[in-house]
file target_14.txt (compact mmCIF, C-alpha atoms)
# COMPACT_ATOMS: atom_id res chain seq x y z
CA MET Z 1 110.98 84.10 134.93
CA SER Z 2 114.25 83.17 133.22
CA ILE Z 3 114.92 84.14 129.60
CA ALA Z 4 114.69 80.48 128.53
CA GLU Z 5 111.35 80.08 130.30
CA GLY Z 6 110.10 83.21 128.53
CA LEU Z 7 110.87 81.68 125.12
CA LYS Z 8 109.05 78.48 126.05
CA GLN Z 9 106.06 80.41 127.34
CA ALA Z 10 105.85 82.45 124.12
CA VAL Z 11 105.35 79.21 122.19
CA GLU Z 12 102.99 77.62 124.70
CA ALA Z 13 100.81 80.75 124.73
CA GLY Z 14 100.49 80.61 120.95
CA ASP Z 15 102.25 83.93 120.45
CA VAL Z 16 104.82 82.46 118.04
CA PRO Z 17 105.24 79.04 116.40
CA GLY Z 18 108.87 78.90 117.41
CA VAL Z 19 111.62 81.22 118.56
CA ALA Z 20 115.42 81.32 118.67
CA ALA Z 21 117.33 83.99 120.55
CA VAL Z 22 120.88 84.91 121.49
CA ALA Z 23 122.57 87.78 123.30
CA ALA Z 24 126.13 88.90 123.92
CA ASN Z 25 128.18 91.46 125.79
CA ALA Z 26 131.70 92.65 125.10
CA GLU Z 27 133.16 89.35 126.33
CA GLY Z 28 130.98 87.04 124.24
CA THR Z 29 127.69 85.15 124.17
CA ILE Z 30 125.69 85.42 127.38
CA PHE Z 31 122.49 83.64 126.29
CA GLU Z 32 121.43 81.15 123.63
CA GLY Z 33 118.10 79.37 123.50
CA ALA Z 34 115.15 78.27 121.41
CA ALA Z 35 111.65 76.81 121.68
CA GLY Z 36 108.89 75.39 119.51
CA THR Z 37 109.57 74.95 115.80
CA LEU Z 38 113.01 76.60 115.97
CA GLN Z 39 116.34 75.38 117.27
CA ALA Z 40 119.26 77.62 118.18
CA ASP Z 41 120.94 76.68 114.88
CA SER Z 42 117.83 76.83 112.67
CA VAL Z 43 118.42 78.50 109.31
CA ILE Z 44 116.01 81.40 108.94
CA TRP Z 45 115.18 84.00 106.31
CA ILE Z 46 116.50 87.19 107.93
CA ALA Z 47 114.97 89.44 105.25
CA SER Z 48 115.74 93.11 106.01
CA MET Z 49 118.34 92.21 108.61
CA THR Z 50 120.37 91.76 105.39
CA LYS Z 51 120.46 95.56 105.06
CA ALA Z 52 123.02 96.15 107.82
CA ILE Z 53 125.37 93.56 106.30
CA THR Z 54 125.09 95.21 102.89
CA GLY Z 55 125.74 98.54 104.59
CA ALA Z 56 128.93 97.11 106.09
CA ALA Z 57 130.02 95.87 102.65
CA ALA Z 58 129.35 99.29 101.13
CA MET Z 59 131.35 101.00 103.87
CA GLN Z 60 134.27 98.65 103.16
CA MET Z 61 134.17 100.04 99.62
CA VAL Z 62 134.21 103.58 101.03
CA GLU Z 63 137.25 102.69 103.15
CA GLN Z 64 139.00 101.40 100.03
CA GLY Z 65 138.27 104.62 98.17
CA LYS Z 66 136.10 102.89 95.55
CA PHE Z 67 133.42 105.54 96.08
CA GLY Z 68 132.34 108.06 98.71
CA LEU Z 69 129.19 108.52 100.73
CA ASP Z 70 128.24 111.51 98.60
CA THR Z 71 129.42 110.17 95.24
CA PRO Z 72 126.53 110.07 92.74
CA ALA Z 73 125.47 106.44 92.67
CA ALA Z 74 125.10 106.71 88.88
CA ASP Z 75 128.88 107.04 88.63
CA ILE Z 76 129.05 103.40 89.82
CA VAL Z 77 125.71 101.96 88.64
CA PRO Z 78 124.59 104.06 85.63
CA GLU Z 79 121.16 102.37 85.55
CA ILE Z 80 120.07 104.28 88.65
CA ALA Z 81 120.17 107.54 86.66
CA ARG Z 82 117.08 106.38 84.78
CA LYS Z 83 114.94 106.76 87.89
CA GLU Z 84 112.53 109.70 87.80
CA VAL Z 85 110.09 111.11 90.35
CA LEU Z 86 106.52 109.85 90.12
CA VAL Z 87 104.04 112.62 89.26
CA GLY Z 88 100.89 110.54 88.82
CA ILE Z 89 99.21 107.37 87.63
CA GLY Z 90 96.21 107.84 85.36
CA ALA Z 91 92.97 105.87 85.54
CA ASP Z 92 94.19 103.92 82.51
CA GLY Z 93 97.48 103.05 84.24
CA THR Z 94 99.54 105.68 82.42
CA VAL Z 95 102.54 106.67 84.58
CA THR Z 96 103.82 110.25 84.55
CA THR Z 97 107.27 111.13 85.93
CA ARG Z 98 109.73 114.02 85.99
CA PRO Z 99 113.53 114.14 86.30
CA ALA Z 100 114.93 114.20 89.85
CA ARG Z 101 116.40 117.53 90.97
CA LYS Z 102 119.59 116.01 92.37
CA PRO Z 103 121.53 112.74 92.02
CA ILE Z 104 121.09 109.79 94.37
CA THR Z 105 124.15 109.10 96.56
CA LEU Z 106 125.23 106.18 98.74
CA ARG Z 107 124.26 108.25 101.79
CA HIS Z 108 120.72 108.51 100.41
CA LEU Z 109 120.63 104.78 99.76
CA LEU Z 110 121.86 103.72 103.21
CA THR Z 111 119.48 106.11 105.02
CA HIS Z 112 116.36 105.43 102.91
CA THR Z 113 116.27 109.05 101.76
CA SER Z 114 116.83 108.26 98.07
CA GLY Z 115 113.18 108.76 97.20
CA MET Z 116 112.57 105.05 96.55
CA GLY Z 117 109.85 103.02 98.28
CA TYR Z 118 108.33 99.56 98.77
CA ASP Z 119 104.90 98.51 97.52
CA THR Z 120 104.34 96.86 100.92
CA TRP Z 121 104.09 100.23 102.67
CA ASN Z 122 103.70 102.95 100.05
CA ALA Z 123 100.34 103.44 98.34
CA ASP Z 124 101.86 105.07 95.24
CA ILE Z 125 104.38 102.28 94.65
CA PHE Z 126 101.62 99.75 95.29
CA ARG Z 127 99.48 101.44 92.60
CA TYR Z 128 102.46 101.56 90.23
CA VAL Z 129 103.06 97.82 90.61
CA GLN Z 130 99.35 97.16 90.10
CA ALA Z 131 99.39 99.30 86.93
CA LYS Z 132 102.51 97.65 85.53
CA GLY Z 133 101.58 94.10 86.50
CA PRO Z 134 103.67 91.75 88.66
CA LEU Z 135 107.37 92.65 88.70
CA LYS Z 136 109.78 89.72 88.50
CA PRO Z 137 111.17 89.04 92.01
CA ASN Z 138 114.91 89.37 92.60
CA SER Z 139 115.44 91.19 89.32
CA MET Z 140 116.31 94.60 87.93
CA GLU Z 141 112.63 94.93 87.00
CA MET Z 142 111.79 94.80 90.70
CA LEU Z 143 114.28 97.64 91.27
CA SER Z 144 112.90 99.79 88.44
CA THR Z 145 110.07 101.49 90.36
CA PRO Z 146 110.04 105.32 90.26
CA LEU Z 147 111.11 107.75 92.95
CA LEU Z 148 108.48 109.20 95.28
CA ALA Z 149 110.44 112.35 96.09
CA ASP Z 150 113.70 114.04 95.22
CA PRO Z 151 116.76 112.46 96.87
CA GLY Z 152 117.37 113.73 100.40
CA GLU Z 153 113.90 115.23 100.73
CA ARG Z 154 112.23 112.64 102.98
CA TRP Z 155 112.60 109.22 104.59
CA GLU Z 156 110.77 106.35 102.92
CA TYR Z 157 111.60 102.75 103.77
CA SER Z 158 112.69 101.29 100.49
CA ILE Z 159 114.61 99.17 98.01
CA SER Z 160 117.53 101.61 98.36
CA ILE Z 161 119.91 99.13 99.95
CA ASP Z 162 119.38 96.66 97.11
CA TRP Z 163 120.97 99.40 94.96
CA ALA Z 164 123.79 99.80 97.50
CA GLY Z 165 124.47 96.09 96.96
CA LEU Z 166 124.71 96.70 93.22
CA MET Z 167 127.25 99.46 93.92
CA VAL Z 168 129.34 96.95 95.89
CA GLU Z 169 129.19 94.50 92.98
CA ALA Z 170 130.20 97.12 90.42
CA ALA Z 171 133.07 98.51 92.49
CA SER Z 172 134.43 95.16 93.69
CA GLY Z 173 134.02 93.23 90.45
CA GLN Z 174 132.35 90.39 92.39
CA LYS Z 175 128.77 89.23 92.76
CA LEU Z 176 127.38 90.20 96.15
CA ASP Z 177 127.17 86.63 97.43
CA ARG Z 178 130.87 86.00 96.73
CA TYR Z 179 131.95 89.40 98.02
CA MET Z 180 130.12 88.97 101.32
CA LYS Z 181 131.46 85.46 101.77
CA ASP Z 182 135.05 86.54 101.16
CA ARG Z 183 135.02 89.84 103.03
CA LEU Z 184 132.50 89.31 105.85
CA PHE Z 185 131.15 85.80 106.40
CA GLU Z 186 134.42 83.85 106.32
CA PRO Z 187 136.44 86.43 108.33
CA LEU Z 188 133.66 86.67 110.95
CA LYS Z 189 133.08 82.88 111.00
CA MET Z 190 129.47 83.01 109.83
CA PRO Z 191 129.23 79.68 107.92
CA ASP Z 192 125.44 79.52 107.94
CA THR Z 193 124.85 82.89 106.26
CA GLY Z 194 124.28 83.34 102.54
CA PHE Z 195 121.86 84.13 99.74
CA ARG Z 196 121.80 80.44 98.85
CA ILE Z 197 120.85 77.68 101.28
CA GLY Z 198 123.86 75.38 101.18
CA PRO Z 199 123.77 71.58 101.72
CA ALA Z 200 124.83 71.92 105.36
CA MET Z 201 122.11 74.53 105.95
CA ARG Z 202 119.25 72.79 104.11
CA PRO Z 203 118.28 70.24 106.82
CA ARG Z 204 118.01 73.06 109.36
CA LYS Z 205 115.93 75.48 107.27
CA ALA Z 206 112.88 76.64 109.24
CA ALA Z 207 109.45 77.05 107.66
CA VAL Z 208 107.82 80.48 107.51
CA HIS Z 209 104.39 80.37 109.19
CA VAL Z 210 101.18 82.37 109.03
CA ARG Z 211 98.74 82.72 111.91
CA ASN Z 212 95.39 80.99 111.51
CA ARG Z 213 92.12 82.65 112.46
CA GLU Z 214 91.61 79.76 114.86
CA GLY Z 215 94.77 80.77 116.70
CA GLY Z 216 97.27 78.19 115.47
CA PHE Z 217 99.88 78.42 112.71
CA THR Z 218 100.23 77.06 109.20
CA ALA Z 219 103.67 76.34 107.77
CA THR Z 220 104.25 77.59 104.20
CA ASP Z 221 106.74 76.55 101.54
CA HIS Z 222 108.15 80.10 101.34
CA GLU Z 223 111.67 80.19 99.94
CA LEU Z 224 113.51 82.80 97.90
CA ASN Z 225 114.81 81.95 94.44
CA GLN Z 226 118.13 80.19 94.90
CA ASN Z 227 119.43 81.37 91.50
CA PRO Z 228 118.22 84.97 91.30
CA ASP Z 229 118.97 87.54 88.62
CA VAL Z 230 120.03 89.93 91.39
CA PHE Z 231 121.31 89.18 94.88
CA MET Z 232 119.08 91.57 96.84
CA GLY Z 233 121.20 93.33 99.44
CA GLY Z 234 118.05 94.64 101.04
CA GLY Z 235 116.48 91.40 102.14
CA ALA Z 236 117.55 88.06 100.65
CA LEU Z 237 119.99 86.52 103.15
CA TYR Z 238 119.46 83.34 105.14
CA SER Z 239 121.30 82.95 108.44
CA THR Z 240 121.08 81.73 112.03
CA VAL Z 241 120.67 83.83 115.16
CA GLY Z 242 124.15 82.72 116.21
CA ASP Z 243 125.76 83.82 112.95
CA TYR Z 244 123.96 87.16 113.04
CA LEU Z 245 125.05 87.70 116.62
CA ARG Z 246 128.65 87.50 115.40
CA PHE Z 247 127.91 90.35 113.00
CA THR Z 248 126.41 92.45 115.82
CA ARG Z 249 129.41 91.64 118.02
CA MET Z 250 131.70 92.94 115.27
CA ILE Z 251 129.79 96.24 115.36
CA LEU Z 252 130.04 96.27 119.18
CA GLY Z 253 133.78 95.64 118.76
CA GLN Z 254 134.13 98.71 116.51
CA GLY Z 255 134.78 96.64 113.41
CA THR Z 256 136.76 93.81 114.97
CA LEU Z 257 135.70 90.36 116.25
CA ASP Z 258 138.05 87.79 117.77
CA GLY Z 259 141.05 89.75 116.54
CA VAL Z 260 139.83 89.99 112.93
CA GLN Z 261 139.13 93.50 111.64
CA VAL Z 262 136.63 93.98 108.80
CA LEU Z 263 135.86 97.69 109.34
CA LYS Z 264 137.77 100.58 110.89
CA PRO Z 265 136.59 101.91 114.29
CA GLU Z 266 135.91 105.34 112.79
CA THR Z 267 133.77 103.74 110.07
CA VAL Z 268 131.63 101.89 112.61
CA ALA Z 269 131.26 105.08 114.65
CA LEU Z 270 130.09 106.91 111.53
CA MET Z 271 127.58 104.17 110.69
CA GLY Z 272 126.03 104.55 114.13
CA ARG Z 273 125.40 108.30 113.91
CA ASN Z 274 122.44 110.16 112.45
CA ALA Z 275 123.17 110.40 108.71
CA MET Z 276 119.85 111.90 107.58
CA GLY Z 277 120.05 115.35 109.18
CA ASP Z 278 116.72 116.92 110.09
CA VAL Z 279 114.68 114.30 108.24
CA SER Z 280 112.86 111.85 110.52
CA CYS Z 281 111.32 108.41 110.02
CA ARG Z 282 107.67 108.20 108.98
CA PRO Z 283 105.08 105.63 110.09
CA LEU Z 284 104.70 102.66 107.74
CA LYS Z 285 101.09 102.11 106.66
CA THR Z 286 100.65 98.64 105.19
CA GLN Z 287 99.30 98.22 101.67
CA ILE Z 288 99.56 94.41 101.84
CA PRO Z 289 98.17 93.26 105.23
CA GLY Z 290 99.23 89.66 104.66
CA ARG Z 291 102.85 90.82 104.44
CA SER Z 292 103.02 93.50 107.14
CA THR Z 293 100.96 95.29 109.77
CA ASP Z 294 101.17 99.07 110.29
CA MET Z 295 104.32 100.26 112.03
CA ASP Z 296 104.85 103.52 113.88
CA PHE Z 297 108.14 104.81 115.22
CA VAL Z 298 109.35 106.43 118.41
CA ASP Z 299 109.29 110.22 117.92
CA GLY Z 300 112.58 111.44 116.52
CA MET Z 301 113.77 108.02 115.33
CA LYS Z 302 116.73 108.49 112.98
CA TRP Z 303 118.69 106.40 110.52
CA GLY Z 304 122.41 105.91 110.44
CA LEU Z 305 124.27 104.19 107.62
CA SER Z 306 121.89 101.20 107.40
CA PHE Z 307 120.74 101.16 111.05
CA MET Z 308 117.73 102.66 112.83
CA ILE Z 309 118.83 104.72 115.86
CA ASN Z 310 116.55 105.31 118.86
CA PRO Z 311 116.81 108.83 120.36
CA THR Z 312 115.83 107.84 123.89
CA ALA Z 313 116.45 104.82 126.11
CA PHE Z 314 113.86 102.03 126.21
CA PRO Z 315 112.58 101.35 129.76
CA GLY Z 316 114.46 98.32 131.07
CA GLY Z 317 116.19 97.90 127.72
CA ARG Z 318 118.56 99.45 125.20
CA SER Z 319 120.33 102.77 125.70
CA ALA Z 320 119.71 105.93 123.71
CA GLY Z 321 121.75 105.76 120.52
CA SER Z 322 121.38 102.00 120.10
CA LEU Z 323 121.22 100.52 116.60
CA ALA Z 324 118.47 98.17 115.46
CA TRP Z 325 116.17 96.82 112.80
CA GLY Z 326 114.41 93.59 111.85
CA GLY Z 327 113.26 91.28 109.11
CA LEU Z 328 109.88 90.69 107.48
CA ALA Z 329 109.28 87.27 109.09
CA ASN Z 330 109.49 88.86 112.56
CA SER Z 331 113.19 88.66 113.29
CA TYR Z 332 114.77 91.53 115.24
CA TYR Z 333 118.12 92.68 116.62
CA TRP Z 334 119.62 95.53 118.60
CA ILE Z 335 123.18 96.72 119.25
CA ASP Z 336 123.74 98.87 122.34
CA PRO Z 337 127.13 100.62 122.07
CA VAL Z 338 126.72 102.26 125.49
CA LYS Z 339 126.14 99.15 127.62
CA LYS Z 340 128.02 96.94 125.15
CA VAL Z 341 125.24 94.41 124.68
CA ALA Z 342 123.54 93.02 121.59
CA GLY Z 343 120.64 90.64 121.03
CA VAL Z 344 119.04 88.73 118.18
CA TRP Z 345 115.53 87.27 118.45
CA ALA Z 346 113.76 85.47 115.62
CA THR Z 347 110.64 83.65 114.70
CA GLN Z 348 109.45 82.83 111.18
CA LEU Z 349 105.98 84.35 111.02
CA LEU Z 350 104.09 86.64 108.65
CA PRO Z 351 102.89 89.37 108.63
CA PHE Z 352 105.74 91.62 109.81
CA TYR Z 353 105.45 93.45 113.12
CA ASP Z 354 102.99 90.95 114.54
CA ALA Z 355 101.90 92.46 117.87
CA ARG Z 356 102.26 89.25 119.88
CA ALA Z 357 105.67 88.47 118.41
CA VAL Z 358 106.95 92.01 119.03
CA ALA Z 359 105.77 91.88 122.65
CA ARG Z 360 107.77 88.68 123.15
CA PHE Z 361 110.85 90.23 121.55
CA GLU Z 362 110.54 93.17 123.95
CA ASP Z 363 110.24 90.71 126.87
CA PHE Z 364 113.46 89.06 125.69
CA GLU Z 365 115.28 92.40 125.51
CA ARG Z 366 114.21 93.37 129.03
CA GLY Z 367 115.19 89.92 130.27
CA VAL Z 368 118.70 90.31 128.84
CA TYR Z 369 119.22 93.67 130.58
CA ALA Z 370 117.78 92.38 133.85
CA ALA Z 371 120.31 89.54 133.77
CA LEU Z 372 123.36 91.76 133.16
call {"tool": "encode", "arguments": {"input": "target_14.txt", "output": "structure tokens"}}
result
Amino acid sequence: MSIAEGLKQAVEAGDVPGVAAVAANAEGTIFEGAAGTLQADSVIWIASMTKAITGAAAMQMVEQGKFGLDTPAADIVPEIARKEVLVGIGADGTVTTRPARKPITLRHLLTHTSGMGYDTWNADIFRYVQAKGPLKPNSMEMLSTPLLADPGERWEYSISIDWAGLMVEAASGQKLDRYMKDRLFEPLKMPDTGFRIGPAMRPRKAAVHVRNREGGFTATDHELNQNPDVFMGGGALYSTVGDYLRFTRMILGQGTLDGVQVLKPETVALMGRNAMGDVSCRPLKTQIPGRSTDMDFVDGMKWGLSFMINPTAFPGGRSAGSLAWGGLANSYYWIDPVKKVAGVWATQLLPFYDARAVARFEDFERGVYAAL
């Protein structure tokens, strides 16, 4: 079966409402296709695929000497110093905390070892949000949740990279949307990527779907606030699979795409190495089933500077040491620096890590390698 036929079959089988996918090698794009409710140029919410882009922006700041990987983040964003470690939540909702034993650094933020968490996957943060009442989306209130552990102690998927985005804003003197446009999206020719859905993007915006019990899909009116208090560097970008492929190709090209350099080769190499030491990723147990399913990880999975790194090769797919992650509405990417191939596969479906969607993404990945 060809890759294009596989996308069509995924829709016809009811595994996804629509899918768009692209892949590239060192020379350029080697596949582009779509089926169902998505077109190749559909504008999608890429959610946590935003994190790698924010990581690249933060590493540009490191290159410029604005701050270092191990600089206390509070030197740049003083508000982060107010975070304390959660001790307990009483039956009456009273929250008890203690001071953290060490400062949070950019390294902690980019590797999710800062001690922060998400209510989607952490029971304690979920209970905290329940005790405090709804936190305003895309705001500093949303970023005010307590630490779950001392910085550097453990891995916990988190709001950390939203804080890395705030560091970029403080050090650059620009809002994150403008900074990314000037320093990443325009140089890399990614016109359909941004926190706001522009007029040219609006007609192509895809709906986020949920799976019905009957087996079909229902489109929702899901859309992030277009005028947020905070541009969330952890998950608020809209893009297309083609635009995002250009970002992955820049990483494959060691910081350069089509002759335009946005990061140094040594910076990209550093981003792709284990940056969390002996700490390893933990399974994610959902607290909000409508938003995400449970997610386990390959034993020994590590985190670089905003990327997940697989320790062993995937059968028929990516090499050991490849970089990857995804977005909440079941969008995924990988970057294989060994075989010089990258892929982006996306649907717009909740909850995250839908088993049928993930199986189709894995089929796509194997199809790309089989065609090389």
call {"tool": "closest_atom_pairs", "arguments": {"input": "target_14.txt", "of": "stretch 284-315 of chain Z", "to": "stretch 151-157 of chain Z", "cutoff": "10 Å", "atoms": "all atoms listed in the file", "output": "JSON lines"}}
result
{"residue": "Z:Leu284", "atom": "CA", "partner": "Z:Tyr157", "partner_atom": "CA", "distance": 8.0}
{"residue": "Z:Lys302", "atom": "CA", "partner": "Z:Trp155", "partner_atom": "CA", "distance": 9.4}
{"residue": "Z:Trp303", "atom": "CA", "partner": "Z:Trp155", "partner_atom": "CA", "distance": 9.0}
call {"tool": "atom_distance", "arguments": {"input": "target_14.txt", "atom1": "atom CA of Z:Thr267", "atom2": "atom CA of Z:Gly255"}}
result
7.9 Å
call {"tool": "closest_residue", "arguments": {"input": "target_14.txt", "among": "Z:Ala170, Z:Met301, Z:Ala200, Z:Ala26", "to": "Z:Val338", "atoms": "only C-alpha atoms"}}
result
Z:Ala26
call {"tool": "closest_residue", "arguments": {"input": "target_14.txt", "among": "Z:Leu184, Z:Ala57, Z:Thr94, Z:Gly253", "to": "Z:Ala164", "atoms": "all atoms listed in the file"}}
result
Z:Ala57
call {"tool": "atom_distance", "arguments": {"input": "target_14.txt", "atom1": "atom CA of Z:Gly28", "atom2": "atom CA of Z:Glu186"}}
result
18.5 Å
call {"tool": "atom_distance", "arguments": {"input": "target_14.txt", "atom1": "atom CA of Z:Trp121", "atom2": "atom CA of Z:Ile288"}}
result
7.4 Å
call {"tool": "closest_residue", "arguments": {"input": "target_14.txt", "among": "Z:Leu257, Z:Val262, Z:Ala269, Z:Ala20", "to": "Z:Ala56", "atoms": "all atoms listed in the file"}}
result
Z:Val262
call {"tool": "residues_around", "arguments": {"input": "target_14.txt", "residues": "stretch 103-110 of chain Z", "least_positions_apart": "5", "cutoff": "9 Å", "atoms": "all atoms listed in the file", "output": "ChimeraX atom specification"}}
result
/Z:51-52,55,58,67-74,80-81,115-116,150-152,158-164,167,275-276,303-307
call {"tool": "closest_residue", "arguments": {"input": "target_14.txt", "among": "Z:Val168, Z:Val358, Z:Ile76, Z:Met1", "to": "Z:Gln60", "atoms": "only C-alpha atoms"}}
result
Z:Val168
call {"tool": "closest_residue", "arguments": {"input": "target_14.txt", "among": "Z:Met190, Z:Val62, Z:Ala91, Z:Ala357", "to": "Z:Arg246", "atoms": "all atoms listed in the file"}}
result
Z:Met190
call {"tool": "residues_around", "arguments": {"input": "target_14.txt", "residues": "Z:Thr193", "least_positions_apart": "4", "cutoff": "8 Å", "atoms": "only C-alpha atoms", "output": "ChimeraX atom specification"}}
result
/Z:185,237-240,243
call {"tool": "residues_near_point", "arguments": {"input": "target_14.txt", "point": "(128.3, 97.0, 120.8)", "cutoff": "10 Å", "atoms": "all atoms listed in the file", "output": "PyMOL selection string"}}
result
chain Z and resi 24-26+248-255+322-323+334-343
call {"tool": "closest_residue", "arguments": {"input": "target_14.txt", "among": "Z:Ser280, Z:Gln287, Z:Ser139, Z:Thr312", "to": "Z:His112", "atoms": "all atoms listed in the file"}}
result
Z:Ser280
call {"tool": "residues_around", "arguments": {"input": "target_14.txt", "residues": "Z:Glu214", "least_positions_apart": "4", "cutoff": "12 Å", "atoms": "only C-alpha atoms", "output": "list in words"}}
result
Gly14, Val210 and Thr218 of chain Z
call {"tool": "closest_atom_pairs", "arguments": {"input": "target_14.txt", "of": "stretch 7-88 of chain Z", "to": "stretch 349-352 of chain Z", "cutoff": "12 Å", "atoms": "all atoms listed in the file", "output": "JSON lines"}}
result
{"residue": "Z:Gly14", "atom": "CA", "partner": "Z:Leu349", "partner_atom": "CA", "distance": 11.9}
{"residue": "Z:Asp15", "atom": "CA", "partner": "Z:Leu349", "partner_atom": "CA", "distance": 10.1}
{"residue": "Z:Val16", "atom": "CA", "partner": "Z:Leu349", "partner_atom": "CA", "distance": 7.4}
{"residue": "Z:Pro17", "atom": "CA", "partner": "Z:Leu349", "partner_atom": "CA", "distance": 7.6}
{"residue": "Z:Gly18", "atom": "CA", "partner": "Z:Leu349", "partner_atom": "CA", "distance": 8.9}
{"residue": "Z:Val19", "atom": "CA", "partner": "Z:Leu349", "partner_atom": "CA", "distance": 9.9}
{"residue": "Z:Thr37", "atom": "CA", "partner": "Z:Leu349", "partner_atom": "CA", "distance": 11.1}
{"residue": "Z:Leu38", "atom": "CA", "partner": "Z:Leu349", "partner_atom": "CA", "distance": 11.6}
{"residue": "Z:Ile44", "atom": "CA", "partner": "Z:Leu349", "partner_atom": "CA", "distance": 10.7}
{"residue": "Z:Trp45", "atom": "CA", "partner": "Z:Leu349", "partner_atom": "CA", "distance": 10.3}
{"residue": "Z:Ile46", "atom": "CA", "partner": "Z:Leu349", "partner_atom": "CA", "distance": 11.3}
{"residue": "Z:Ala47", "atom": "CA", "partner": "Z:Phe352", "partner_atom": "CA", "distance": 10.5}
{"residue": "Z:Ser48", "atom": "CA", "partner": "Z:Phe352", "partner_atom": "CA", "distance": 10.8}
call {"tool": "axis_aligned_box", "arguments": {"input": "target_14.txt", "around": "stretch 18-24 of chain Z", "padding_each_side": "6 Å", "output": "lines of an AutoDock Vina configuration file"}}
result
center_x = 117.5
center_y = 83.9
center_z = 120.7
size_x = 29.3
size_y = 22.0
size_z = 18.5
call {"tool": "build_atoms", "arguments": {"input": "target_14.txt", "residues": "stretch 330-346 of chain Z", "atoms": "N, CA and C atoms", "output": "PDB file, in the coordinates of the input"}}
result
ATOM      1  N   ASN Z 330     109.420  88.594 111.122  1.00  0.00           N
ATOM      2  CA  ASN Z 330     109.490  88.860 112.560  1.00  0.00           C
ATOM      3  C   ASN Z 330     110.774  88.359 113.211  1.00  0.00           C
ATOM      4  N   SER Z 331     111.891  88.827 112.640  1.00  0.00           N
ATOM      5  CA  SER Z 331     113.190  88.660 113.290  1.00  0.00           C
ATOM      6  C   SER Z 331     113.689  90.063 113.625  1.00  0.00           C
ATOM      7  N   TYR Z 332     114.376  90.206 114.754  1.00  0.00           N
ATOM      8  CA  TYR Z 332     114.770  91.530 115.240  1.00  0.00           C
ATOM      9  C   TYR Z 332     116.144  91.462 115.918  1.00  0.00           C
ATOM     10  N   TYR Z 333     116.845  92.601 115.908  1.00  0.00           N
ATOM     11  CA  TYR Z 333     118.120  92.680 116.620  1.00  0.00           C
ATOM     12  C   TYR Z 333     118.298  94.089 117.172  1.00  0.00           C
ATOM     13  N   TRP Z 334     119.178  94.212 118.150  1.00  0.00           N
ATOM     14  CA  TRP Z 334     119.620  95.530 118.600  1.00  0.00           C
ATOM     15  C   TRP Z 334     121.092  95.455 118.972  1.00  0.00           C
ATOM     16  N   ILE Z 335     121.765  96.593 118.876  1.00  0.00           N
ATOM     17  CA  ILE Z 335     123.180  96.720 119.250  1.00  0.00           C
ATOM     18  C   ILE Z 335     123.290  97.958 120.118  1.00  0.00           C
ATOM     19  N   ASP Z 336     123.663  97.772 121.365  1.00  0.00           N
ATOM     20  CA  ASP Z 336     123.740  98.870 122.340  1.00  0.00           C
ATOM     21  C   ASP Z 336     125.215  99.223 122.567  1.00  0.00           C
ATOM     22  N   PRO Z 337     125.711 100.285 121.934  1.00  0.00           N
ATOM     23  CA  PRO Z 337     127.130 100.620 122.070  1.00  0.00           C
ATOM     24  C   PRO Z 337     127.487 101.243 123.413  1.00  0.00           C
ATOM     25  N   VAL Z 338     126.471 101.653 124.178  1.00  0.00           N
ATOM     26  CA  VAL Z 338     126.720 102.260 125.490  1.00  0.00           C
ATOM     27  C   VAL Z 338     126.943 101.173 126.547  1.00  0.00           C
ATOM     28  N   LYS Z 339     126.022 100.234 126.635  1.00  0.00           N
ATOM     29  CA  LYS Z 339     126.140  99.150 127.620  1.00  0.00           C
ATOM     30  C   LYS Z 339     126.842  97.928 127.057  1.00  0.00           C
ATOM     31  N   LYS Z 340     127.261  98.017 125.796  1.00  0.00           N
ATOM     32  CA  LYS Z 340     128.020  96.940 125.150  1.00  0.00           C
ATOM     33  C   LYS Z 340     127.268  95.610 125.206  1.00  0.00           C
ATOM     34  N   VAL Z 341     126.041  95.630 124.721  1.00  0.00           N
ATOM     35  CA  VAL Z 341     125.240  94.410 124.680  1.00  0.00           C
ATOM     36  C   VAL Z 341     124.454  94.387 123.372  1.00  0.00           C
ATOM     37  N   ALA Z 342     124.287  93.193 122.829  1.00  0.00           N
ATOM     38  CA  ALA Z 342     123.540  93.020 121.590  1.00  0.00           C
ATOM     39  C   ALA Z 342     122.659  91.790 121.721  1.00  0.00           C
ATOM     40  N   GLY Z 343     121.538  91.790 121.013  1.00  0.00           N
ATOM     41  CA  GLY Z 343     120.640  90.640 121.030  1.00  0.00           C
ATOM     42  C   GLY Z 343     120.026  90.406 119.674  1.00  0.00           C
ATOM     43  N   VAL Z 344     119.726  89.135 119.412  1.00  0.00           N
ATOM     44  CA  VAL Z 344     119.040  88.730 118.180  1.00  0.00           C
ATOM     45  C   VAL Z 344     117.921  87.780 118.580  1.00  0.00           C
ATOM     46  N   TRP Z 345     116.716  88.067 118.117  1.00  0.00           N
ATOM     47  CA  TRP Z 345     115.530  87.270 118.450  1.00  0.00           C
ATOM     48  C   TRP Z 345     114.789  87.008 117.159  1.00  0.00           C
ATOM     49  N   ALA Z 346     114.400  85.769 116.905  1.00  0.00           N
ATOM     50  CA  ALA Z 346     113.760  85.470 115.620  1.00  0.00           C
ATOM     51  C   ALA Z 346     112.684  84.422 115.742  1.00  0.00           C
TER      52      ALA Z 346
END
